[in-house]
>>> print(open('structure36.txt').read())   # compact mmCIF, C-alpha atoms
# COMPACT_ATOMS: atom_id res chain seq x y z
CA MET D 1 21.12 -55.70 -26.52
CA LYS D 2 23.81 -55.83 -29.24
CA VAL D 3 21.27 -54.73 -31.83
CA ARG D 4 20.22 -51.83 -29.64
CA TRP D 5 23.78 -50.61 -29.20
CA LEU D 6 24.39 -50.99 -32.92
CA VAL D 7 21.40 -48.78 -33.66
CA ILE D 8 22.60 -46.15 -31.16
CA ILE D 9 26.13 -46.13 -32.60
CA LEU D 10 24.76 -45.85 -36.14
CA ALA D 11 22.50 -42.96 -35.13
CA LEU D 12 25.40 -41.13 -33.45
CA THR D 13 27.60 -41.65 -36.52
CA VAL D 14 24.95 -40.22 -38.84
CA SER D 15 24.37 -37.26 -36.52
CA LEU D 16 28.09 -36.52 -36.22
CA THR D 17 28.57 -36.74 -39.98
CA PHE D 18 25.67 -34.36 -40.52
CA PHE D 19 27.02 -31.94 -37.91
CA ILE D 20 30.50 -31.89 -39.43
CA GLY D 21 29.00 -31.45 -42.88
CA CYS D 22 26.96 -28.48 -41.70
CA ALA D 23 29.99 -26.91 -40.03
CA THR D 24 32.00 -27.20 -43.23
CA MET D 25 29.34 -26.65 -45.85
CA GLY D 26 26.56 -24.89 -43.93
CA GLY D 27 24.13 -23.21 -46.31
CA GLY D 28 26.29 -24.26 -49.24
CA GLN D 29 29.28 -22.50 -47.68
CA ILE D 30 32.71 -24.16 -47.63
CA SER D 31 35.90 -23.31 -45.78
CA GLY D 32 39.54 -24.39 -46.03
CA VAL D 33 39.74 -23.23 -49.65
CA ASN D 34 42.49 -20.93 -50.91
CA TRP D 35 40.26 -18.49 -52.78
CA ALA D 36 43.21 -16.57 -54.23
CA LEU D 37 44.35 -19.44 -56.45
CA ALA D 38 44.07 -18.79 -60.17
CA LYS D 39 42.39 -22.17 -60.64
CA ASN D 40 39.73 -21.03 -58.17
CA GLY D 41 39.11 -17.83 -60.13
CA GLY D 42 41.56 -15.55 -58.35
CA ARG D 43 43.25 -12.65 -60.15
CA VAL D 44 46.26 -10.57 -59.15
CA THR D 45 47.56 -7.10 -60.00
CA ALA D 46 50.53 -5.22 -58.57
CA PHE D 47 52.02 -1.73 -58.62
CA SER D 48 55.01 -3.08 -60.54
CA GLU D 49 56.66 -6.29 -61.62
CA GLU D 50 59.78 -7.48 -63.37
CA PRO D 51 59.42 -9.50 -66.60
CA GLU D 52 61.24 -12.51 -65.18
CA HIS D 53 59.23 -12.39 -61.93
CA PRO D 54 55.59 -11.52 -62.78
CA ALA D 55 52.84 -11.05 -60.20
CA SER D 56 50.87 -13.92 -61.76
CA THR D 57 53.17 -16.37 -59.95
CA LEU D 58 51.64 -15.25 -56.64
CA ILE D 59 48.47 -17.29 -57.21
CA ASN D 60 49.78 -20.44 -58.92
CA GLY D 61 49.91 -22.55 -55.76
CA ILE D 62 53.72 -22.72 -55.51
CA THR D 63 54.94 -21.43 -52.14
CA SER D 64 58.54 -22.64 -52.34
CA ALA D 65 61.38 -20.33 -53.34
CA ASP D 66 63.59 -23.16 -54.58
CA ASN D 67 63.01 -22.12 -58.22
CA TRP D 68 63.40 -18.40 -57.63
CA ASP D 69 66.27 -18.09 -60.10
CA GLN D 70 64.09 -19.80 -62.71
CA GLY D 71 61.40 -17.13 -62.48
CA GLU D 72 59.18 -18.39 -59.67
CA GLY D 73 57.74 -15.61 -57.48
CA TRP D 74 57.04 -11.88 -57.79
CA GLN D 75 59.75 -9.26 -57.56
CA ALA D 76 59.57 -5.46 -57.62
CA SER D 77 61.82 -2.61 -56.57
CA MET D 78 60.74 -0.52 -53.60
CA LEU D 79 61.65 3.10 -52.94
CA ALA D 80 60.81 4.85 -49.67
CA SER D 81 61.66 8.09 -47.95
CA GLY D 82 64.43 8.09 -45.39
CA VAL D 83 63.38 11.29 -43.65
CA THR D 84 60.52 12.22 -41.34
CA ARG D 85 57.46 13.37 -43.29
CA SER D 86 53.89 14.44 -42.62
CA VAL D 87 51.30 11.85 -41.63
CA ARG D 88 49.60 12.22 -45.01
CA ASP D 89 52.87 11.75 -46.89
CA GLN D 90 53.63 8.66 -44.83
CA ARG D 91 50.18 7.22 -45.62
CA ASP D 92 50.60 7.90 -49.33
CA GLU D 93 54.01 6.26 -49.25
CA MET D 94 52.64 3.19 -47.48
CA GLU D 95 50.09 2.75 -50.26
CA ARG D 96 52.70 3.03 -53.01
CA ASN D 97 53.86 -0.60 -52.97
CA TRP D 98 50.86 -2.90 -53.23
CA VAL D 99 49.59 -6.19 -54.58
CA GLU D 100 45.86 -6.82 -54.96
CA ILE D 101 44.01 -10.13 -55.07
CA GLU D 102 40.55 -10.18 -56.65
CA LEU D 103 38.47 -13.23 -55.78
CA SER D 104 35.93 -14.84 -58.08
CA GLN D 105 33.14 -13.83 -55.66
CA PRO D 106 32.60 -12.17 -52.28
CA ILE D 107 33.57 -14.38 -49.32
CA THR D 108 33.79 -14.03 -45.56
CA ALA D 109 37.58 -13.80 -45.27
CA ASN D 110 39.47 -14.27 -42.01
CA GLU D 111 43.04 -15.25 -42.94
CA VAL D 112 45.74 -14.27 -45.41
CA LYS D 113 49.06 -16.06 -45.79
CA ILE D 114 51.96 -14.22 -47.37
CA TYR D 115 54.96 -16.28 -48.50
CA THR D 116 58.14 -14.30 -48.86
CA VAL D 117 61.27 -15.64 -50.51
CA ASP D 118 62.97 -18.10 -48.15
CA SER D 119 65.53 -20.66 -49.29
CA GLN D 120 69.10 -21.63 -48.55
CA LYS D 121 70.31 -19.15 -51.16
CA TYR D 122 67.76 -16.46 -50.34
CA PRO D 123 66.87 -16.65 -46.62
CA ALA D 124 63.89 -14.55 -45.55
CA ALA D 125 65.91 -12.84 -42.84
CA LYS D 126 68.09 -11.25 -45.53
CA PHE D 127 65.92 -11.11 -48.66
CA GLY D 128 62.30 -11.33 -47.50
CA VAL D 129 59.73 -8.63 -46.76
CA SER D 130 59.66 -7.24 -43.22
CA ASP D 131 56.73 -4.81 -42.91
CA VAL D 132 53.27 -5.49 -44.35
CA LEU D 133 49.66 -4.47 -43.89
CA VAL D 134 46.63 -6.43 -45.09
CA GLN D 135 43.53 -4.53 -46.23
CA TYR D 136 40.14 -5.49 -47.67
CA GLN D 137 37.79 -3.64 -49.98
CA LEU D 138 34.72 -2.36 -48.18
CA LYS D 139 31.52 -0.89 -49.59
CA THR D 140 30.24 2.02 -47.51
CA SER D 141 26.62 2.94 -46.83
CA THR D 142 26.85 5.31 -49.81
CA ASN D 143 28.11 2.47 -52.05
CA GLU D 144 31.62 3.91 -52.15
CA LEU D 145 34.43 1.34 -52.38
CA ILE D 146 37.29 1.99 -49.96
CA TRP D 147 40.23 0.05 -48.51
CA ALA D 148 40.05 -0.76 -44.81
CA ASN D 149 42.66 -2.35 -42.54
CA VAL D 150 41.89 -5.81 -41.20
CA LYS D 151 41.57 -6.06 -37.41
CA ARG D 152 43.84 -8.68 -35.89
CA PRO D 153 42.87 -10.12 -32.51
CA GLY D 154 45.94 -10.23 -30.28
CA LYS D 155 49.24 -8.79 -31.44
CA SER D 156 52.74 -10.14 -31.06
CA LEU D 157 55.77 -8.22 -29.92
CA GLY D 158 56.85 -5.80 -32.65
CA ASP D 159 53.36 -5.50 -34.14
CA GLN D 160 51.65 -2.13 -34.11
CA GLY D 161 47.94 -2.01 -34.74
CA SER D 162 47.14 -3.99 -37.86
CA ILE D 163 50.68 -3.67 -39.21
CA ILE D 164 53.21 -6.48 -39.03
CA ARG D 165 56.75 -5.20 -38.60
CA ASP D 166 60.25 -6.67 -38.49
CA ASN D 167 59.30 -10.03 -40.00
CA LYS D 168 62.17 -12.48 -40.51
CA SER D 169 60.07 -15.55 -41.34
CA GLY D 170 59.28 -17.08 -44.71
CA VAL D 171 55.55 -17.20 -43.98
CA ILE D 172 53.47 -14.34 -42.60
CA THR D 173 50.10 -15.57 -41.35
CA VAL D 174 47.59 -12.79 -40.80
CA ARG D 175 44.42 -13.85 -38.97
CA PHE D 176 41.73 -11.25 -38.47
CA GLU D 177 38.11 -10.61 -37.63
CA PRO D 178 35.88 -11.97 -40.45
CA VAL D 179 35.07 -9.51 -43.23
CA ASN D 180 32.88 -9.84 -46.30
CA THR D 181 34.85 -8.82 -49.36
CA GLN D 182 35.92 -9.74 -52.88
CA LYS D 183 39.28 -7.99 -52.87
CA ILE D 184 42.32 -8.21 -50.61
CA ARG D 185 45.27 -5.84 -50.77
CA VAL D 186 48.72 -6.29 -49.24
CA LEU D 187 50.84 -3.17 -48.70
CA ILE D 188 54.58 -3.68 -48.43
CA PHE D 189 56.70 -0.94 -46.94
CA GLY D 190 59.75 -2.74 -45.61
CA THR D 191 62.21 -5.41 -46.77
CA ASN D 192 65.13 -7.06 -45.02
CA ASP D 193 67.59 -5.94 -47.70
CA ILE D 194 66.62 -2.28 -47.55
CA THR D 195 69.49 0.25 -47.65
CA ARG D 196 69.73 4.00 -47.24
CA SER D 197 71.18 6.36 -49.79
CA GLU D 198 74.37 8.19 -48.88
CA ASP D 199 72.48 11.37 -48.07
CA GLY D 200 69.93 9.43 -46.03
CA ARG D 201 66.96 10.84 -47.90
CA THR D 202 65.78 7.62 -49.52
CA ARG D 203 65.64 3.90 -48.76
CA GLU D 204 65.75 1.24 -51.44
CA GLY D 205 64.86 -2.44 -51.27
CA THR D 206 63.49 -5.33 -53.31
CA ILE D 207 60.13 -6.98 -52.69
CA ARG D 208 60.27 -10.76 -53.14
CA LEU D 209 57.12 -12.84 -52.61
CA THR D 210 56.32 -16.36 -53.79
CA GLU D 211 52.61 -16.72 -52.97
CA ILE D 212 49.58 -15.09 -51.35
CA GLU D 213 46.72 -17.20 -50.03
CA VAL D 214 43.28 -16.02 -48.90
CA TYR D 215 41.07 -18.15 -46.67
CA GLY D 216 37.48 -17.83 -45.48
CA SER D 217 34.04 -19.23 -46.18
CA GLY D 218 31.96 -18.95 -49.32
CA LYS D 219 30.06 -20.93 -51.93
CA GLN D 220 32.58 -22.30 -54.41
CA LYS D 221 31.77 -21.86 -58.09
CA SER D 222 31.65 -24.78 -60.48
CA ARG D 223 34.58 -25.41 -62.85
CA SER D 224 32.59 -24.02 -65.81
CA GLU D 225 31.72 -20.86 -63.87
CA VAL D 226 35.37 -20.28 -63.00
CA ASP D 227 36.48 -20.88 -66.61
CA SER D 228 33.89 -18.38 -67.86
CA LEU D 229 35.53 -15.66 -65.74
CA PHE D 230 38.66 -15.92 -67.89
CA GLU D 231 36.71 -16.09 -71.14
CA SER D 232 34.80 -12.90 -70.40
CA LYS D 233 37.90 -10.71 -70.04
>>> encode(input="structure36.txt", output="structure tokens")
Amino acid sequence: MKVRWLVIILALTVSLTFFIGCATMGGGQISGVNWALAKNGGRVTAFSEEPEHPASTLINGITSADNWDQGEGWQASMLASGVTRSVRDQRDEMERNWVEIELSQPITANEVKIYTVDSQKYPAAKFGVSDVLVQYQLKTSTNELIWANVKRPGKSLGDQGSIIRDNKSGVITVRFEPVNTQKIRVLIFGTNDITRSEDGRTREGTIRLTEIEVYGSGKQKSRSEVDSLFESK
């Protein structure tokens, strides 16, 4: 009887291990990987950056803002209109302040984490970003590449559509319906330190982010394949 139960337990263990392996690696696919990391082949570009706070720090794996004064994190000045404008002008303005993450390969993405500055000296509620929108690059039926907004299931108070507004937290987690893409773009159009000009026509603020992470499922490249991406450019 003991031998029989031992065989059953062993069979169940093997089956469970196989099932978990398939769920994590099914078809060579893996999940739980931050695909934006530079060491995983990620690349980053931004509309602007300051020499002491380059955009490259957004994919180095450091989410803390403790070393902000030593150059950790990305910083850029933001200028926005303070008056009511046409819908087209508003859309163009929203796309003015952006940071783009290019992955080493297409993946099925479903989550982006945005880390804004948040420390005792620079609390997110005073110095972090407040309004963001996550987009992904989509290829149309005519092979045209366009940016599309991610679709977030369930929205919290203060959120409108796919946009996150009035954020005061150091981490903005954006979960959305899975999309197949190789590029993610984050639009920033609000910061918690934003001020209006005396005539009210413009608003000025400073974008401060420490890291952007992209999660989803895909087949991870080997170390040599990732290294070759940097050698080819």
>>> closest_residue(input="structure36.txt", among="D:Ser130, D:Asn67, D:Asn110, D:Asn60", to="Ile212 in chain D", atoms="all atoms listed in the file")
D:Asn60
>>> residues_around(input="structure36.txt", residues="Tyr122 in chain D", least_positions_apart="5", cutoff="9 Å", atoms="only C-alpha atoms", output="list in words")
Ala65, Asp66, Trp68, Val117, Phe127 and Gly128 of chain D
>>> atom_distance(input="structure36.txt", atom1="CA of Phe176 in chain D", atom2="CA of Leu79 in chain D")
28.5 Å
>>> residues_around(input="structure36.txt", residues="Thr181 in chain D", least_positions_apart="5", cutoff="8 Å", atoms="only C-alpha atoms", output="list of chain:residue names")
D:Pro106, D:Ile107, D:Thr108, D:Ala109, D:Tyr136, D:Gln137, D:Leu138
>>> atom_distance(input="structure36.txt", atom1="CA of Arg196 in chain D", atom2="CA of Ala80 in chain D")
9.3 Å
>>> atom_distance(input="structure36.txt", atom1="CA of Asn97 in chain D", atom2="CA of Arg203 in chain D")
13.3 Å
>>> closest_residue(input="structure36.txt", among="D:Gln75, D:Ser64, D:Thr57, D:Asn180", to="Tyr215 in chain D", atoms="all atoms listed in the file")
D:Asn180
>>> closest_residue(input="structure36.txt", among="D:Leu37, D:Ile163, D:Leu103, D:Val44", to="Val132 in chain D", atoms="all atoms listed in the file")
D:Ile163
>>> residues_around(input="structure36.txt", residues="range 146-151 of chain D", least_positions_apart="4", cutoff="10 Å", atoms="all atoms listed in the file", output="VMD selection string")
chain D and resid 109 to 111 133 to 140 161 to 163 174 to 179 183 to 186
>>> residues_around(input="structure36.txt", residues="Asn167 in chain D", least_positions_apart="5", cutoff="10 Å", atoms="all atoms listed in the file", output="list of chain:residue names")
D:Thr116, D:Ala124, D:Ala125, D:Gly128, D:Val129, D:Ser130, D:Asp131, D:Val132, D:Gly158, D:Asp159, D:Ile172, D:Gly190, D:Thr191, D:Asn192
>>> closest_residue(input="structure36.txt", among="D:Lys39, D:Lys113, D:Lys126, D:Lys168", to="Thr206 in chain D", atoms="only C-alpha atoms")
D:Lys126
>>> closest_residue(input="structure36.txt", among="D:Ile59, D:Ile188, D:Ala76, D:Ile194", to="Gly41 in chain D", atoms="only C-alpha atoms")
D:Ile59
>>> residues_near_point(input="structure36.txt", point="(36.6, -12.5, -59.6)", cutoff="10 Å", atoms="only C-alpha atoms", output="number ranges by chain")
D: 35-36, 38, 40-44, 101-106, 182-183, 226, 229-230
>>> closest_residue(input="structure36.txt", among="D:Asn143, D:Phe189, D:Phe47, D:Ser217", to="Ile164 in chain D", atoms="only C-alpha atoms")
D:Phe189
>>> residues_around(input="structure36.txt", residues="His53 in chain D", least_positions_apart="4", cutoff="6 Å", atoms="only C-alpha atoms", output="list in words")
Gly71, Gly73, Trp74 and Gln75 of chain D
>>> build_atoms(input="structure36.txt", residues="range 101-112 of chain D", atoms="N, CA and C atoms", output="tab-separated table (two decimals), in the frame of the given file")
chain	number	residue	atom	x	y	z
D	101	ILE	N	44.60	-8.85	-54.68
D	101	ILE	CA	44.01	-10.13	-55.07
D	101	ILE	C	42.50	-9.94	-55.22
D	102	GLU	N	42.00	-10.22	-56.42
D	102	GLU	CA	40.55	-10.18	-56.65
D	102	GLU	C	40.02	-11.60	-56.70
D	103	LEU	N	39.06	-11.90	-55.85
D	103	LEU	CA	38.47	-13.23	-55.78
D	103	LEU	C	37.35	-13.37	-56.79
D	104	SER	N	36.97	-14.60	-57.08
D	104	SER	CA	35.93	-14.84	-58.08
D	104	SER	C	34.55	-14.41	-57.59
D	105	GLN	N	34.43	-14.18	-56.27
D	105	GLN	CA	33.14	-13.83	-55.66
D	105	GLN	C	33.39	-13.29	-54.26
D	106	PRO	N	32.44	-12.61	-53.67
D	106	PRO	CA	32.60	-12.17	-52.28
D	106	PRO	C	32.64	-13.38	-51.34
D	107	ILE	N	33.51	-13.33	-50.34
D	107	ILE	CA	33.57	-14.38	-49.32
D	107	ILE	C	33.67	-13.71	-47.95
D	108	THR	N	33.53	-14.51	-46.91
D	108	THR	CA	33.79	-14.03	-45.56
D	108	THR	C	35.22	-14.43	-45.23
D	109	ALA	N	36.15	-13.51	-45.43
D	109	ALA	CA	37.58	-13.80	-45.27
D	109	ALA	C	38.01	-13.59	-43.82
D	110	ASN	N	38.95	-14.43	-43.36
D	110	ASN	CA	39.47	-14.27	-42.01
D	110	ASN	C	40.96	-14.61	-41.88
D	111	GLU	N	41.61	-14.92	-43.00
D	111	GLU	CA	43.04	-15.25	-42.94
D	111	GLU	C	43.72	-15.02	-44.28
D	112	VAL	N	44.90	-14.44	-44.22
D	112	VAL	CA	45.74	-14.27	-45.41
D	112	VAL	C	47.13	-14.77	-45.07
